[in-house]
Amino acid sequence: MSIIDKALTANRNYAKNYDPTLGKRPAPKLAVVTCMDPRLSDLSGILGLPNSDLDVIRTGGPAVTEDVLGELVVSTRVLGTTEILLLNHTGCGFTTFTDAELNTKLSASSGDASPAPMRFFSFKDPEENTLEQIKKVRSHPWIAKDIPVRGFIFDVETGSLREVQQVSQQAAD
Ligand SMILES: [Zn+2]
């Protein structure tokens, strides 16, 4: 049986015990942008907040793309979240290749070089990546200036969060 077929079977039991009040319109408080890596899936545990408080946007890396910026605008302006947390992590798969390398590899292994090179948003240094993300989010004119935007790195070995701060901010502290 495929994994999806197994999941469908499990869902029939899940639905039997489902609490219909969970279907009410959510009112998340915190927007979290994090990687698609499964080690970042227990956000409620990592952050000590109920799932209902979290508006989670996940991409590989994570990458703060134009789409992610749009989601953050909706999250803060429409859904009502009041803070933005950018959550990188150690040991990210997106640090194990460059965009150019992966494009070359995929063209070769598939035997089809016709697609335009894909933007995977690979990176080398999670700290630098986090600083760039903060800058990108902070500079969008539709994300209100009074919304805090803070970046962290989750250590997959220890489970701890470490805040990444711009040098100018550290100097001001
Ligand atoms: Zn990752």
# chains A, B, ... in the order shown; residues from 1 in each chain; ligands from 1

$ select_by_dssp --residues "region 20-172 of chain A" --states "strand (DSSP E)" --output "JSON list (two decimals) with all heavy atoms, in the first residue's frame"
[["chain", "number", "residue", "atom", "x", "y", "z"],
["A", 30, "LEU", "N", 0.98, 34.65, 15.59],
["A", 30, "LEU", "CA", 2.38, 34.74, 15.19],
["A", 30, "LEU", "C", 2.56, 34.10, 13.81],
["A", 30, "LEU", "O", 2.15, 32.97, 13.59],
["A", 30, "LEU", "CB", 3.24, 33.99, 16.22],
["A", 30, "LEU", "CG", 4.74, 33.87, 15.94],
["A", 30, "LEU", "CD1", 5.42, 35.23, 16.01],
["A", 30, "LEU", "CD2", 5.39, 32.91, 16.94],
["A", 31, "ALA", "N", 3.19, 34.84, 12.89],
["A", 31, "ALA", "CA", 3.52, 34.28, 11.58],
["A", 31, "ALA", "C", 4.92, 33.67, 11.67],
["A", 31, "ALA", "O", 5.85, 34.33, 12.13],
["A", 31, "ALA", "CB", 3.48, 35.36, 10.50],
["A", 32, "VAL", "N", 5.05, 32.43, 11.27],
["A", 32, "VAL", "CA", 6.34, 31.74, 11.31],
["A", 32, "VAL", "C", 6.71, 31.32, 9.90],
["A", 32, "VAL", "O", 5.94, 30.65, 9.22],
["A", 32, "VAL", "CB", 6.29, 30.48, 12.21],
["A", 32, "VAL", "CG1", 7.67, 29.81, 12.28],
["A", 32, "VAL", "CG2", 5.80, 30.82, 13.60],
["A", 33, "VAL", "N", 7.90, 31.76, 9.45],
["A", 33, "VAL", "CA", 8.41, 31.31, 8.15],
["A", 33, "VAL", "C", 9.52, 30.32, 8.45],
["A", 33, "VAL", "O", 10.52, 30.67, 9.08],
["A", 33, "VAL", "CB", 8.97, 32.49, 7.32],
["A", 33, "VAL", "CG1", 9.49, 31.99, 5.98],
["A", 33, "VAL", "CG2", 7.90, 33.56, 7.13],
["A", 34, "THR", "N", 9.33, 29.07, 8.04],
["A", 34, "THR", "CA", 10.36, 28.08, 8.35],
["A", 34, "THR", "C", 10.55, 27.09, 7.21],
["A", 34, "THR", "O", 9.83, 27.12, 6.21],
["A", 34, "THR", "CB", 10.06, 27.37, 9.69],
["A", 34, "THR", "OG1", 11.25, 26.68, 10.12],
["A", 34, "THR", "CG2", 8.91, 26.38, 9.57],
["A", 35, "CYS", "N", 11.56, 26.24, 7.39],
["A", 35, "CYS", "CA", 11.94, 25.30, 6.34],
["A", 35, "CYS", "C", 10.96, 24.13, 6.26],
["A", 35, "CYS", "O", 10.31, 23.77, 7.24],
["A", 35, "CYS", "CB", 13.35, 24.77, 6.62],
["A", 35, "CYS", "SG", 14.01, 23.72, 5.31],
["A", 54, "LEU", "N", -0.39, 29.81, 15.55],
["A", 54, "LEU", "CA", 0.68, 29.89, 14.57],
["A", 54, "LEU", "C", 0.16, 29.91, 13.14],
["A", 54, "LEU", "O", -0.62, 29.04, 12.74],
["A", 54, "LEU", "CB", 1.63, 28.70, 14.74],
["A", 54, "LEU", "CG", 2.23, 28.52, 16.14],
["A", 54, "LEU", "CD1", 3.02, 27.22, 16.19],
["A", 54, "LEU", "CD2", 3.10, 29.71, 16.50],
["A", 55, "ASP", "N", 0.61, 30.90, 12.38],
["A", 55, "ASP", "CA", 0.34, 30.92, 10.95],
["A", 55, "ASP", "C", 1.66, 30.53, 10.29],
["A", 55, "ASP", "O", 2.61, 31.31, 10.29],
["A", 55, "ASP", "CB", -0.10, 32.34, 10.54],
["A", 55, "ASP", "CG", -0.67, 32.36, 9.14],
["A", 55, "ASP", "OD1", -1.13, 31.30, 8.66],
["A", 55, "ASP", "OD2", -0.66, 33.43, 8.52],
["A", 56, "VAL", "N", 1.74, 29.32, 9.79],
["A", 56, "VAL", "CA", 3.03, 28.76, 9.37],
["A", 56, "VAL", "C", 3.17, 28.79, 7.85],
["A", 56, "VAL", "O", 2.31, 28.30, 7.12],
["A", 56, "VAL", "CB", 3.18, 27.32, 9.88],
["A", 56, "VAL", "CG1", 4.56, 26.77, 9.50],
["A", 56, "VAL", "CG2", 2.99, 27.25, 11.39],
["A", 57, "ILE", "N", 4.28, 29.38, 7.41],
["A", 57, "ILE", "CA", 4.59, 29.47, 5.99],
["A", 57, "ILE", "C", 5.89, 28.70, 5.78],
["A", 57, "ILE", "O", 6.91, 29.03, 6.39],
["A", 57, "ILE", "CB", 4.76, 30.95, 5.57],
["A", 57, "ILE", "CG1", 3.47, 31.72, 5.86],
["A", 57, "ILE", "CG2", 5.14, 31.05, 4.09],
["A", 57, "ILE", "CD1", 3.68, 33.21, 6.03],
["A", 58, "ARG", "N", 5.85, 27.66, 4.98],
["A", 58, "ARG", "CA", 7.04, 26.81, 4.85],
["A", 58, "ARG", "C", 7.53, 26.75, 3.42],
["A", 58, "ARG", "O", 6.75, 26.53, 2.49],
["A", 58, "ARG", "CB", 6.74, 25.40, 5.36],
["A", 58, "ARG", "CG", 6.47, 25.39, 6.84],
["A", 58, "ARG", "CD", 6.22, 24.02, 7.36],
["A", 58, "ARG", "NE", 7.46, 23.27, 7.58],
["A", 58, "ARG", "CZ", 7.52, 22.18, 8.33],
["A", 58, "ARG", "NH1", 6.44, 21.69, 8.90],
["A", 58, "ARG", "NH2", 8.67, 21.55, 8.49],
["A", 59, "THR", "N", 8.83, 26.95, 3.28],
["A", 59, "THR", "CA", 9.49, 26.76, 1.99],
["A", 59, "THR", "C", 10.82, 26.07, 2.28],
["A", 59, "THR", "O", 11.21, 25.94, 3.43],
["A", 59, "THR", "CB", 9.77, 28.11, 1.29],
["A", 59, "THR", "OG1", 10.59, 28.91, 2.15],
["A", 59, "THR", "CG2", 8.50, 28.87, 0.97],
["A", 83, "GLU", "N", 3.26, 39.48, 14.98],
["A", 83, "GLU", "CA", 4.72, 39.37, 14.98],
["A", 83, "GLU", "C", 5.13, 38.36, 13.92],
["A", 83, "GLU", "O", 4.37, 37.44, 13.60],
["A", 83, "GLU", "CB", 5.24, 38.92, 16.36],
["A", 83, "GLU", "CG", 4.90, 39.87, 17.49],
["A", 83, "GLU", "CD", 5.50, 39.43, 18.83],
["A", 83, "GLU", "OE1", 6.62, 38.91, 18.85],
["A", 83, "GLU", "OE2", 4.82, 39.63, 19.85],
["A", 84, "ILE", "N", 6.37, 38.53, 13.40],
["A", 84, "ILE", "CA", 6.89, 37.61, 12.37],
["A", 84, "ILE", "C", 8.17, 36.98, 12.88],
["A", 84, "ILE", "O", 9.09, 37.68, 13.30],
["A", 84, "ILE", "CB", 7.15, 38.36, 11.04],
["A", 84, "ILE", "CG1", 5.83, 38.88, 10.46],
["A", 84, "ILE", "CG2", 7.87, 37.45, 10.04],
["A", 84, "ILE", "CD1", 6.00, 39.80, 9.25],
["A", 85, "LEU", "N", 8.21, 35.64, 12.83],
["A", 85, "LEU", "CA", 9.40, 34.90, 13.27],
["A", 85, "LEU", "C", 9.96, 34.14, 12.07],
["A", 85, "LEU", "O", 9.25, 33.33, 11.45],
["A", 85, "LEU", "CB", 9.00, 33.94, 14.39],
["A", 85, "LEU", "CG", 10.10, 33.26, 15.21],
["A", 85, "LEU", "CD1", 9.52, 32.80, 16.55],
["A", 85, "LEU", "CD2", 10.71, 32.08, 14.51],
["A", 86, "LEU", "N", 11.23, 34.41, 11.73],
["A", 86, "LEU", "CA", 11.89, 33.72, 10.63],
["A", 86, "LEU", "C", 12.76, 32.63, 11.25],
["A", 86, "LEU", "O", 13.64, 32.92, 12.06],
["A", 86, "LEU", "CB", 12.74, 34.72, 9.83],
["A", 86, "LEU", "CG", 11.96, 35.94, 9.31],
["A", 86, "LEU", "CD1", 12.90, 36.99, 8.77],
["A", 86, "LEU", "CD2", 10.96, 35.52, 8.25],
["A", 87, "LEU", "N", 12.50, 31.39, 10.88],
["A", 87, "LEU", "CA", 13.13, 30.27, 11.56],
["A", 87, "LEU", "C", 13.96, 29.41, 10.61],
["A", 87, "LEU", "O", 13.43, 28.60, 9.86],
["A", 87, "LEU", "CB", 12.05, 29.43, 12.25],
["A", 87, "LEU", "CG", 12.50, 28.33, 13.18],
["A", 87, "LEU", "CD1", 13.52, 28.83, 14.19],
["A", 87, "LEU", "CD2", 11.30, 27.72, 13.89],
["A", 88, "ASN", "N", 15.27, 29.65, 10.66],
["A", 88, "ASN", "CA", 16.23, 28.81, 9.93],
["A", 88, "ASN", "C", 16.66, 27.67, 10.84],
["A", 88, "ASN", "O", 16.26, 27.60, 12.00],
["A", 88, "ASN", "CB", 17.43, 29.66, 9.53],
["A", 88, "ASN", "CG", 17.14, 30.56, 8.33],
["A", 88, "ASN", "OD1", 17.64, 30.35, 7.24],
["A", 88, "ASN", "ND2", 16.28, 31.56, 8.52],
["A", 89, "HIS", "N", 17.53, 26.80, 10.33],
["A", 89, "HIS", "CA", 18.01, 25.72, 11.20],
["A", 89, "HIS", "C", 19.39, 25.24, 10.75],
["A", 89, "HIS", "O", 19.80, 25.49, 9.61],
["A", 89, "HIS", "CB", 17.01, 24.55, 11.20],
["A", 89, "HIS", "CG", 16.89, 23.83, 9.89],
["A", 89, "HIS", "ND1", 17.43, 22.60, 9.66],
["A", 89, "HIS", "CD2", 16.28, 24.18, 8.72],
["A", 89, "HIS", "CE1", 17.16, 22.21, 8.41],
["A", 89, "HIS", "NE2", 16.46, 23.16, 7.82],
["A", 149, "VAL", "N", 9.96, 41.82, 13.42],
["A", 149, "VAL", "CA", 10.46, 40.77, 12.53],
["A", 149, "VAL", "C", 11.77, 40.28, 13.12],
["A", 149, "VAL", "O", 12.75, 41.01, 13.17],
["A", 149, "VAL", "CB", 10.72, 41.32, 11.10],
["A", 149, "VAL", "CG1", 11.28, 40.23, 10.20],
["A", 149, "VAL", "CG2", 9.45, 41.92, 10.50],
["A", 150, "ARG", "N", 11.77, 39.04, 13.64],
["A", 150, "ARG", "CA", 12.97, 38.52, 14.30],
["A", 150, "ARG", "C", 13.36, 37.17, 13.70],
["A", 150, "ARG", "O", 12.50, 36.37, 13.35],
["A", 150, "ARG", "CB", 12.72, 38.39, 15.81],
["A", 150, "ARG", "CG", 12.52, 39.77, 16.44],
["A", 150, "ARG", "CD", 12.03, 39.69, 17.86],
["A", 150, "ARG", "NE", 13.01, 39.08, 18.75],
["A", 150, "ARG", "CZ", 12.78, 38.89, 20.05],
["A", 150, "ARG", "NH1", 11.64, 39.26, 20.60],
["A", 150, "ARG", "NH2", 13.71, 38.32, 20.80],
["A", 151, "GLY", "N", 14.67, 36.96, 13.58],
["A", 151, "GLY", "CA", 15.18, 35.75, 12.96],
["A", 151, "GLY", "C", 15.94, 34.87, 13.94],
["A", 151, "GLY", "O", 16.67, 35.37, 14.79],
["A", 152, "PHE", "N", 15.76, 33.55, 13.79],
["A", 152, "PHE", "CA", 16.39, 32.58, 14.69],
["A", 152, "PHE", "C", 16.93, 31.39, 13.92],
["A", 152, "PHE", "O", 16.48, 31.10, 12.81],
["A", 152, "PHE", "CB", 15.36, 32.07, 15.72],
["A", 152, "PHE", "CG", 14.86, 33.13, 16.64],
["A", 152, "PHE", "CD1", 13.84, 33.99, 16.24],
["A", 152, "PHE", "CD2", 15.41, 33.30, 17.90],
["A", 152, "PHE", "CE1", 13.38, 35.00, 17.09],
["A", 152, "PHE", "CE2", 14.95, 34.29, 18.75],
["A", 152, "PHE", "CZ", 13.93, 35.14, 18.34],
["A", 153, "ILE", "N", 17.89, 30.72, 14.54],
["A", 153, "ILE", "CA", 18.38, 29.45, 14.00],
["A", 153, "ILE", "C", 18.08, 28.36, 15.03],
["A", 153, "ILE", "O", 18.46, 28.48, 16.20],
["A", 153, "ILE", "CB", 19.89, 29.51, 13.70],
["A", 153, "ILE", "CG1", 20.15, 30.57, 12.61],
["A", 153, "ILE", "CG2", 20.39, 28.14, 13.23],
["A", 153, "ILE", "CD1", 21.60, 30.87, 12.36],
["A", 154, "PHE", "N", 17.38, 27.34, 14.57],
["A", 154, "PHE", "CA", 17.07, 26.19, 15.41],
["A", 154, "PHE", "C", 18.20, 25.17, 15.27],
["A", 154, "PHE", "O", 18.54, 24.78, 14.15],
["A", 154, "PHE", "CB", 15.74, 25.57, 14.95],
["A", 154, "PHE", "CG", 15.35, 24.31, 15.68],
["A", 154, "PHE", "CD1", 14.88, 24.35, 16.98],
["A", 154, "PHE", "CD2", 15.44, 23.07, 15.05],
["A", 154, "PHE", "CE1", 14.52, 23.18, 17.66],
["A", 154, "PHE", "CE2", 15.07, 21.90, 15.71],
["A", 154, "PHE", "CZ", 14.61, 21.96, 17.01],
["A", 161, "LEU", "N", 16.93, 27.48, 20.27],
["A", 161, "LEU", "CA", 16.84, 28.58, 19.31],
["A", 161, "LEU", "C", 17.93, 29.60, 19.64],
["A", 161, "LEU", "O", 18.18, 29.88, 20.81],
["A", 161, "LEU", "CB", 15.49, 29.29, 19.43],
["A", 161, "LEU", "CG", 14.25, 28.53, 19.00],
["A", 161, "LEU", "CD1", 13.03, 29.41, 19.26],
["A", 161, "LEU", "CD2", 14.32, 28.13, 17.54],
["A", 162, "ARG", "N", 18.52, 30.16, 18.59],
["A", 162, "ARG", "CA", 19.49, 31.24, 18.78],
["A", 162, "ARG", "C", 19.05, 32.41, 17.91],
["A", 162, "ARG", "O", 18.79, 32.24, 16.72],
["A", 162, "ARG", "CB", 20.87, 30.75, 18.37],
["A", 162, "ARG", "CG", 21.96, 31.80, 18.54],
["A", 162, "ARG", "CD", 23.34, 31.14, 18.44],
["A", 162, "ARG", "NE", 23.55, 30.50, 17.14],
["A", 162, "ARG", "CZ", 23.91, 31.16, 16.04],
["A", 162, "ARG", "NH1", 24.07, 32.46, 16.06],
["A", 162, "ARG", "NH2", 24.10, 30.51, 14.90],
["A", 163, "GLU", "N", 18.96, 33.59, 18.52],
["A", 163, "GLU", "CA", 18.52, 34.74, 17.74],
["A", 163, "GLU", "C", 19.66, 35.29, 16.89],
["A", 163, "GLU", "O", 20.82, 35.34, 17.33],
["A", 163, "GLU", "CB", 17.97, 35.84, 18.67],
["A", 163, "GLU", "CG", 17.43, 37.03, 17.88],
["A", 163, "GLU", "CD", 16.34, 37.80, 18.61],
["A", 163, "GLU", "OE1", 16.23, 37.67, 19.84],
["A", 163, "GLU", "OE2", 15.58, 38.52, 17.92],
["A", 164, "VAL", "N", 19.33, 35.69, 15.67],
["A", 164, "VAL", "CA", 20.31, 36.31, 14.78],
["A", 164, "VAL", "C", 19.96, 37.79, 14.70],
["A", 164, "VAL", "O", 18.83, 38.14, 14.37],
["A", 164, "VAL", "CB", 20.24, 35.69, 13.36],
["A", 164, "VAL", "CG1", 21.24, 36.37, 12.43],
["A", 164, "VAL", "CG2", 20.50, 34.19, 13.42]]

$ residues_near_ligand --ligand "ligand 1" --cutoff "8 Å" --atoms "only C-alpha atoms and all ligand atoms" --output "CSV table (one decimal) with N, CA and C atoms, in the first residue's frame"
chain,number,residue,atom,x,y,z
A,34,THR,N,9.3,29.1,8.0
A,34,THR,CA,10.4,28.1,8.3
A,34,THR,C,10.5,27.1,7.2
A,35,CYS,N,11.6,26.2,7.4
A,35,CYS,CA,11.9,25.3,6.3
A,35,CYS,C,11.0,24.1,6.3
A,36,MET,N,10.9,23.5,5.1
A,36,MET,CA,10.1,22.3,4.9
A,36,MET,C,10.6,21.1,5.6
A,37,ASP,N,11.8,21.2,6.1
A,37,ASP,CA,12.5,20.1,6.8
A,37,ASP,C,11.6,19.5,7.9
A,60,GLY,N,11.5,25.7,1.3
A,60,GLY,CA,12.8,25.1,1.5
A,60,GLY,C,13.8,26.2,1.9
A,61,GLY,N,14.5,25.9,3.0
A,61,GLY,CA,15.6,26.9,3.4
A,61,GLY,C,15.3,27.5,4.8
A,62,PRO,N,14.3,28.3,5.1
A,62,PRO,CA,13.3,28.7,4.2
A,62,PRO,C,13.8,29.8,3.2
A,88,ASN,N,15.3,29.6,10.7
A,88,ASN,CA,16.2,28.8,9.9
A,88,ASN,C,16.7,27.7,10.8
A,89,HIS,N,17.5,26.8,10.3
A,89,HIS,CA,18.0,25.7,11.2
A,89,HIS,C,19.4,25.2,10.7
A,90,THR,N,20.1,24.6,11.6
A,90,THR,CA,21.4,24.0,11.3
A,90,THR,C,21.1,22.7,10.4
A,91,GLY,N,22.1,22.4,9.6
A,91,GLY,CA,22.0,21.1,8.9
A,91,GLY,C,21.0,21.1,7.8
A,92,CYS,N,20.7,22.3,7.2
A,92,CYS,CA,19.7,22.4,6.2
A,92,CYS,C,20.1,21.7,4.9
A,93,GLY,N,19.3,21.0,4.3
A,93,GLY,CA,19.6,20.4,3.0
A,93,GLY,C,19.9,21.4,1.9
A,94,PHE,N,19.4,22.6,2.0
A,94,PHE,CA,19.6,23.6,1.0
A,94,PHE,C,21.0,24.2,1.1

$ closest_residue --among "A:Asp5, A:Val167, A:Ile147, A:Lys105" --to "Glu128 (chain A)" --atoms "only C-alpha atoms"
A:Val167

$ atom_distance --atom1 "CA of Glu132 (chain A)" --atom2 "CA of Lys29 (chain A)"
23.6 Å

$ select_by_dssp --residues "region 63-170 of chain A" --states "helix (DSSP H, G or I)" --output "PyMOL selection string"
chain A and resi 66-79+93-95+99-110+126-138+167-170

$ atom_distance --atom1 "CA of Ser109 (chain A)" --atom2 "CA of Thr96 (chain A)"
17.8 Å

$ atom_distance --atom1 "CA of Ile134 (chain A)" --atom2 "CA of Asp67 (chain A)"
15.5 Å

$ closest_residue --among "A:Gln165, A:Ser110, A:Ser52, A:Thr158" --to "Glu127 (chain A)" --atoms "only C-alpha atoms"
A:Gln165

$ residues_around --residues "region 13-27 of chain A" --least-positions-apart "3" --cutoff "12 Å" --atoms "only C-alpha atoms" --output "list in words"
Lys6, Ala7, Leu8, Thr9, Ala10, Leu30, Ala31, Pro50, Asn51, Ser52, Asp53, Leu54, Asp55, Ser75, Thr76, Val78, Leu79, Gly80, Thr81 and Thr82 of chain A

$ closest_residue --among "A:Leu106, A:Ala113, A:Leu72, A:Val156" --to "Ala144 (chain A)" --atoms "only C-alpha atoms"
A:Leu72

$ closest_residue --among "A:Arg39, A:Lys135, A:Arg12, A:His140" --to "Glu66 (chain A)" --atoms "only C-alpha atoms"
A:His140

$ decode --residues "region 24-134 of chain A" --atoms "C-alpha atoms" --output "PDB file, in the first residue's frame"
ATOM      1  CA  LYS A  24     -13.909  27.524  13.242  1.00  0.00           C
ATOM      2  CA  ARG A  25     -12.147  30.432  11.581  1.00  0.00           C
ATOM      3  CA  PRO A  26      -8.615  30.634  13.056  1.00  0.00           C
ATOM      4  CA  ALA A  27      -7.144  33.734  14.692  1.00  0.00           C
ATOM      5  CA  PRO A  28      -3.361  33.142  14.585  1.00  0.00           C
ATOM      6  CA  LYS A  29      -1.096  35.543  16.496  1.00  0.00           C
ATOM      7  CA  LEU A  30       2.381  34.739  15.189  1.00  0.00           C
ATOM      8  CA  ALA A  31       3.522  34.275  11.575  1.00  0.00           C
ATOM      9  CA  VAL A  32       6.342  31.739  11.307  1.00  0.00           C
ATOM     10  CA  VAL A  33       8.413  31.307   8.148  1.00  0.00           C
ATOM     11  CA  THR A  34      10.360  28.080   8.347  1.00  0.00           C
ATOM     12  CA  CYS A  35      11.941  25.295   6.337  1.00  0.00           C
ATOM     13  CA  MET A  36      10.059  22.330   4.916  1.00  0.00           C
ATOM     14  CA  ASP A  37      12.495  20.079   6.811  1.00  0.00           C
ATOM     15  CA  PRO A  38      10.453  17.637   8.989  1.00  0.00           C
ATOM     16  CA  ARG A  39      12.640  18.454  12.009  1.00  0.00           C
ATOM     17  CA  LEU A  40      10.893  21.833  12.083  1.00  0.00           C
ATOM     18  CA  SER A  41       7.411  20.312  12.112  1.00  0.00           C
ATOM     19  CA  ASP A  42       6.842  20.356  15.869  1.00  0.00           C
ATOM     20  CA  LEU A  43       6.554  24.134  15.998  1.00  0.00           C
ATOM     21  CA  SER A  44       4.044  23.999  18.799  1.00  0.00           C
ATOM     22  CA  GLY A  45       6.604  22.117  20.887  1.00  0.00           C
ATOM     23  CA  ILE A  46       9.609  24.194  19.756  1.00  0.00           C
ATOM     24  CA  LEU A  47       7.863  27.498  20.496  1.00  0.00           C
ATOM     25  CA  GLY A  48       5.553  26.443  23.331  1.00  0.00           C
ATOM     26  CA  LEU A  49       2.515  27.862  21.584  1.00  0.00           C
ATOM     27  CA  PRO A  50      -0.681  26.124  20.503  1.00  0.00           C
ATOM     28  CA  ASN A  51      -0.971  25.334  16.798  1.00  0.00           C
ATOM     29  CA  SER A  52      -3.963  27.660  16.659  1.00  0.00           C
ATOM     30  CA  ASP A  53      -1.679  30.630  17.446  1.00  0.00           C
ATOM     31  CA  LEU A  54       0.680  29.895  14.569  1.00  0.00           C
ATOM     32  CA  ASP A  55       0.341  30.924  10.948  1.00  0.00           C
ATOM     33  CA  VAL A  56       3.027  28.762   9.368  1.00  0.00           C
ATOM     34  CA  ILE A  57       4.589  29.466   5.989  1.00  0.00           C
ATOM     35  CA  ARG A  58       7.042  26.814   4.846  1.00  0.00           C
ATOM     36  CA  THR A  59       9.490  26.762   1.986  1.00  0.00           C
ATOM     37  CA  GLY A  60      12.847  25.073   1.470  1.00  0.00           C
ATOM     38  CA  GLY A  61      15.551  26.876   3.431  1.00  0.00           C
ATOM     39  CA  PRO A  62      13.278  28.738   4.175  1.00  0.00           C
ATOM     40  CA  ALA A  63      13.375  31.059   1.186  1.00  0.00           C
ATOM     41  CA  VAL A  64      11.635  34.398   1.550  1.00  0.00           C
ATOM     42  CA  THR A  65      10.270  34.573  -1.978  1.00  0.00           C
ATOM     43  CA  GLU A  66       7.814  37.073  -3.439  1.00  0.00           C
ATOM     44  CA  ASP A  67       5.097  34.511  -2.633  1.00  0.00           C
ATOM     45  CA  VAL A  68       6.198  34.321   0.991  1.00  0.00           C
ATOM     46  CA  LEU A  69       6.141  38.129   1.225  1.00  0.00           C
ATOM     47  CA  GLY A  70       2.581  38.051  -0.121  1.00  0.00           C
ATOM     48  CA  GLU A  71       1.641  35.477   2.510  1.00  0.00           C
ATOM     49  CA  LEU A  72       3.167  37.628   5.249  1.00  0.00           C
ATOM     50  CA  VAL A  73       1.179  40.620   4.027  1.00  0.00           C
ATOM     51  CA  VAL A  74      -2.024  38.544   4.193  1.00  0.00           C
ATOM     52  CA  SER A  75      -1.004  37.049   7.539  1.00  0.00           C
ATOM     53  CA  THR A  76      -0.462  40.439   9.186  1.00  0.00           C
ATOM     54  CA  ARG A  77      -3.017  42.536   7.320  1.00  0.00           C
ATOM     55  CA  VAL A  78      -5.876  40.072   6.863  1.00  0.00           C
ATOM     56  CA  LEU A  79      -5.472  37.246   9.382  1.00  0.00           C
ATOM     57  CA  GLY A  80      -4.263  39.505  12.185  1.00  0.00           C
ATOM     58  CA  THR A  81      -0.875  38.096  13.215  1.00  0.00           C
ATOM     59  CA  THR A  82       1.138  40.703  15.123  1.00  0.00           C
ATOM     60  CA  GLU A  83       4.717  39.373  14.981  1.00  0.00           C
ATOM     61  CA  ILE A  84       6.886  37.613  12.374  1.00  0.00           C
ATOM     62  CA  LEU A  85       9.402  34.900  13.269  1.00  0.00           C
ATOM     63  CA  LEU A  86      11.890  33.724  10.634  1.00  0.00           C
ATOM     64  CA  LEU A  87      13.130  30.269  11.560  1.00  0.00           C
ATOM     65  CA  ASN A  88      16.226  28.814   9.929  1.00  0.00           C
ATOM     66  CA  HIS A  89      18.013  25.716  11.197  1.00  0.00           C
ATOM     67  CA  THR A  90      21.371  23.969  11.289  1.00  0.00           C
ATOM     68  CA  GLY A  91      22.035  21.129   8.866  1.00  0.00           C
ATOM     69  CA  CYS A  92      19.671  22.391   6.182  1.00  0.00           C
ATOM     70  CA  GLY A  93      19.566  20.356   2.975  1.00  0.00           C
ATOM     71  CA  PHE A  94      19.588  23.608   0.998  1.00  0.00           C
ATOM     72  CA  THR A  95      23.194  24.213   2.085  1.00  0.00           C
ATOM     73  CA  THR A  96      24.358  20.978   0.429  1.00  0.00           C
ATOM     74  CA  PHE A  97      24.207  22.227  -3.164  1.00  0.00           C
ATOM     75  CA  THR A  98      24.244  25.429  -5.169  1.00  0.00           C
ATOM     76  CA  ASP A  99      21.448  26.355  -7.556  1.00  0.00           C
ATOM     77  CA  ALA A 100      23.862  26.032 -10.497  1.00  0.00           C
ATOM     78  CA  GLU A 101      25.030  22.575  -9.393  1.00  0.00           C
ATOM     79  CA  LEU A 102      21.518  21.218  -8.960  1.00  0.00           C
ATOM     80  CA  ASN A 103      20.313  22.653 -12.270  1.00  0.00           C
ATOM     81  CA  THR A 104      23.262  21.031 -14.056  1.00  0.00           C
ATOM     82  CA  LYS A 105      22.674  17.724 -12.274  1.00  0.00           C
ATOM     83  CA  LEU A 106      18.951  17.659 -13.075  1.00  0.00           C
ATOM     84  CA  SER A 107      19.533  18.507 -16.741  1.00  0.00           C
ATOM     85  CA  ALA A 108      22.031  15.654 -16.962  1.00  0.00           C
ATOM     86  CA  SER A 109      20.114  13.033 -14.960  1.00  0.00           C
ATOM     87  CA  SER A 110      16.796  13.690 -16.700  1.00  0.00           C
ATOM     88  CA  GLY A 111      18.397  14.113 -20.117  1.00  0.00           C
ATOM     89  CA  ASP A 112      16.299  17.249 -20.598  1.00  0.00           C
ATOM     90  CA  ALA A 113      17.948  20.659 -20.421  1.00  0.00           C
ATOM     91  CA  SER A 114      14.910  22.517 -21.793  1.00  0.00           C
ATOM     92  CA  PRO A 115      13.526  23.977 -18.509  1.00  0.00           C
ATOM     93  CA  ALA A 116      14.843  27.413 -17.575  1.00  0.00           C
ATOM     94  CA  PRO A 117      17.279  27.150 -14.635  1.00  0.00           C
ATOM     95  CA  MET A 118      15.273  26.871 -11.424  1.00  0.00           C
ATOM     96  CA  ARG A 119      15.741  29.165  -8.464  1.00  0.00           C
ATOM     97  CA  PHE A 120      16.112  26.873  -5.429  1.00  0.00           C
ATOM     98  CA  PHE A 121      17.371  29.577  -3.042  1.00  0.00           C
ATOM     99  CA  SER A 122      20.232  27.395  -1.831  1.00  0.00           C
ATOM    100  CA  PHE A 123      22.548  29.059   0.636  1.00  0.00           C
ATOM    101  CA  LYS A 124      25.730  28.351   2.625  1.00  0.00           C
ATOM    102  CA  ASP A 125      25.415  30.202   5.910  1.00  0.00           C
ATOM    103  CA  PRO A 126      22.151  30.114   7.908  1.00  0.00           C
ATOM    104  CA  GLU A 127      23.148  33.242   9.831  1.00  0.00           C
ATOM    105  CA  GLU A 128      23.701  35.273   6.669  1.00  0.00           C
ATOM    106  CA  ASN A 129      20.520  33.806   5.184  1.00  0.00           C
ATOM    107  CA  THR A 130      18.540  34.893   8.250  1.00  0.00           C
ATOM    108  CA  LEU A 131      19.924  38.439   8.106  1.00  0.00           C
ATOM    109  CA  GLU A 132      18.967  38.712   4.437  1.00  0.00           C
ATOM    110  CA  GLN A 133      15.474  37.430   5.216  1.00  0.00           C
ATOM    111  CA  ILE A 134      14.983  39.998   7.986  1.00  0.00           C
TER     112      ILE A 134
END
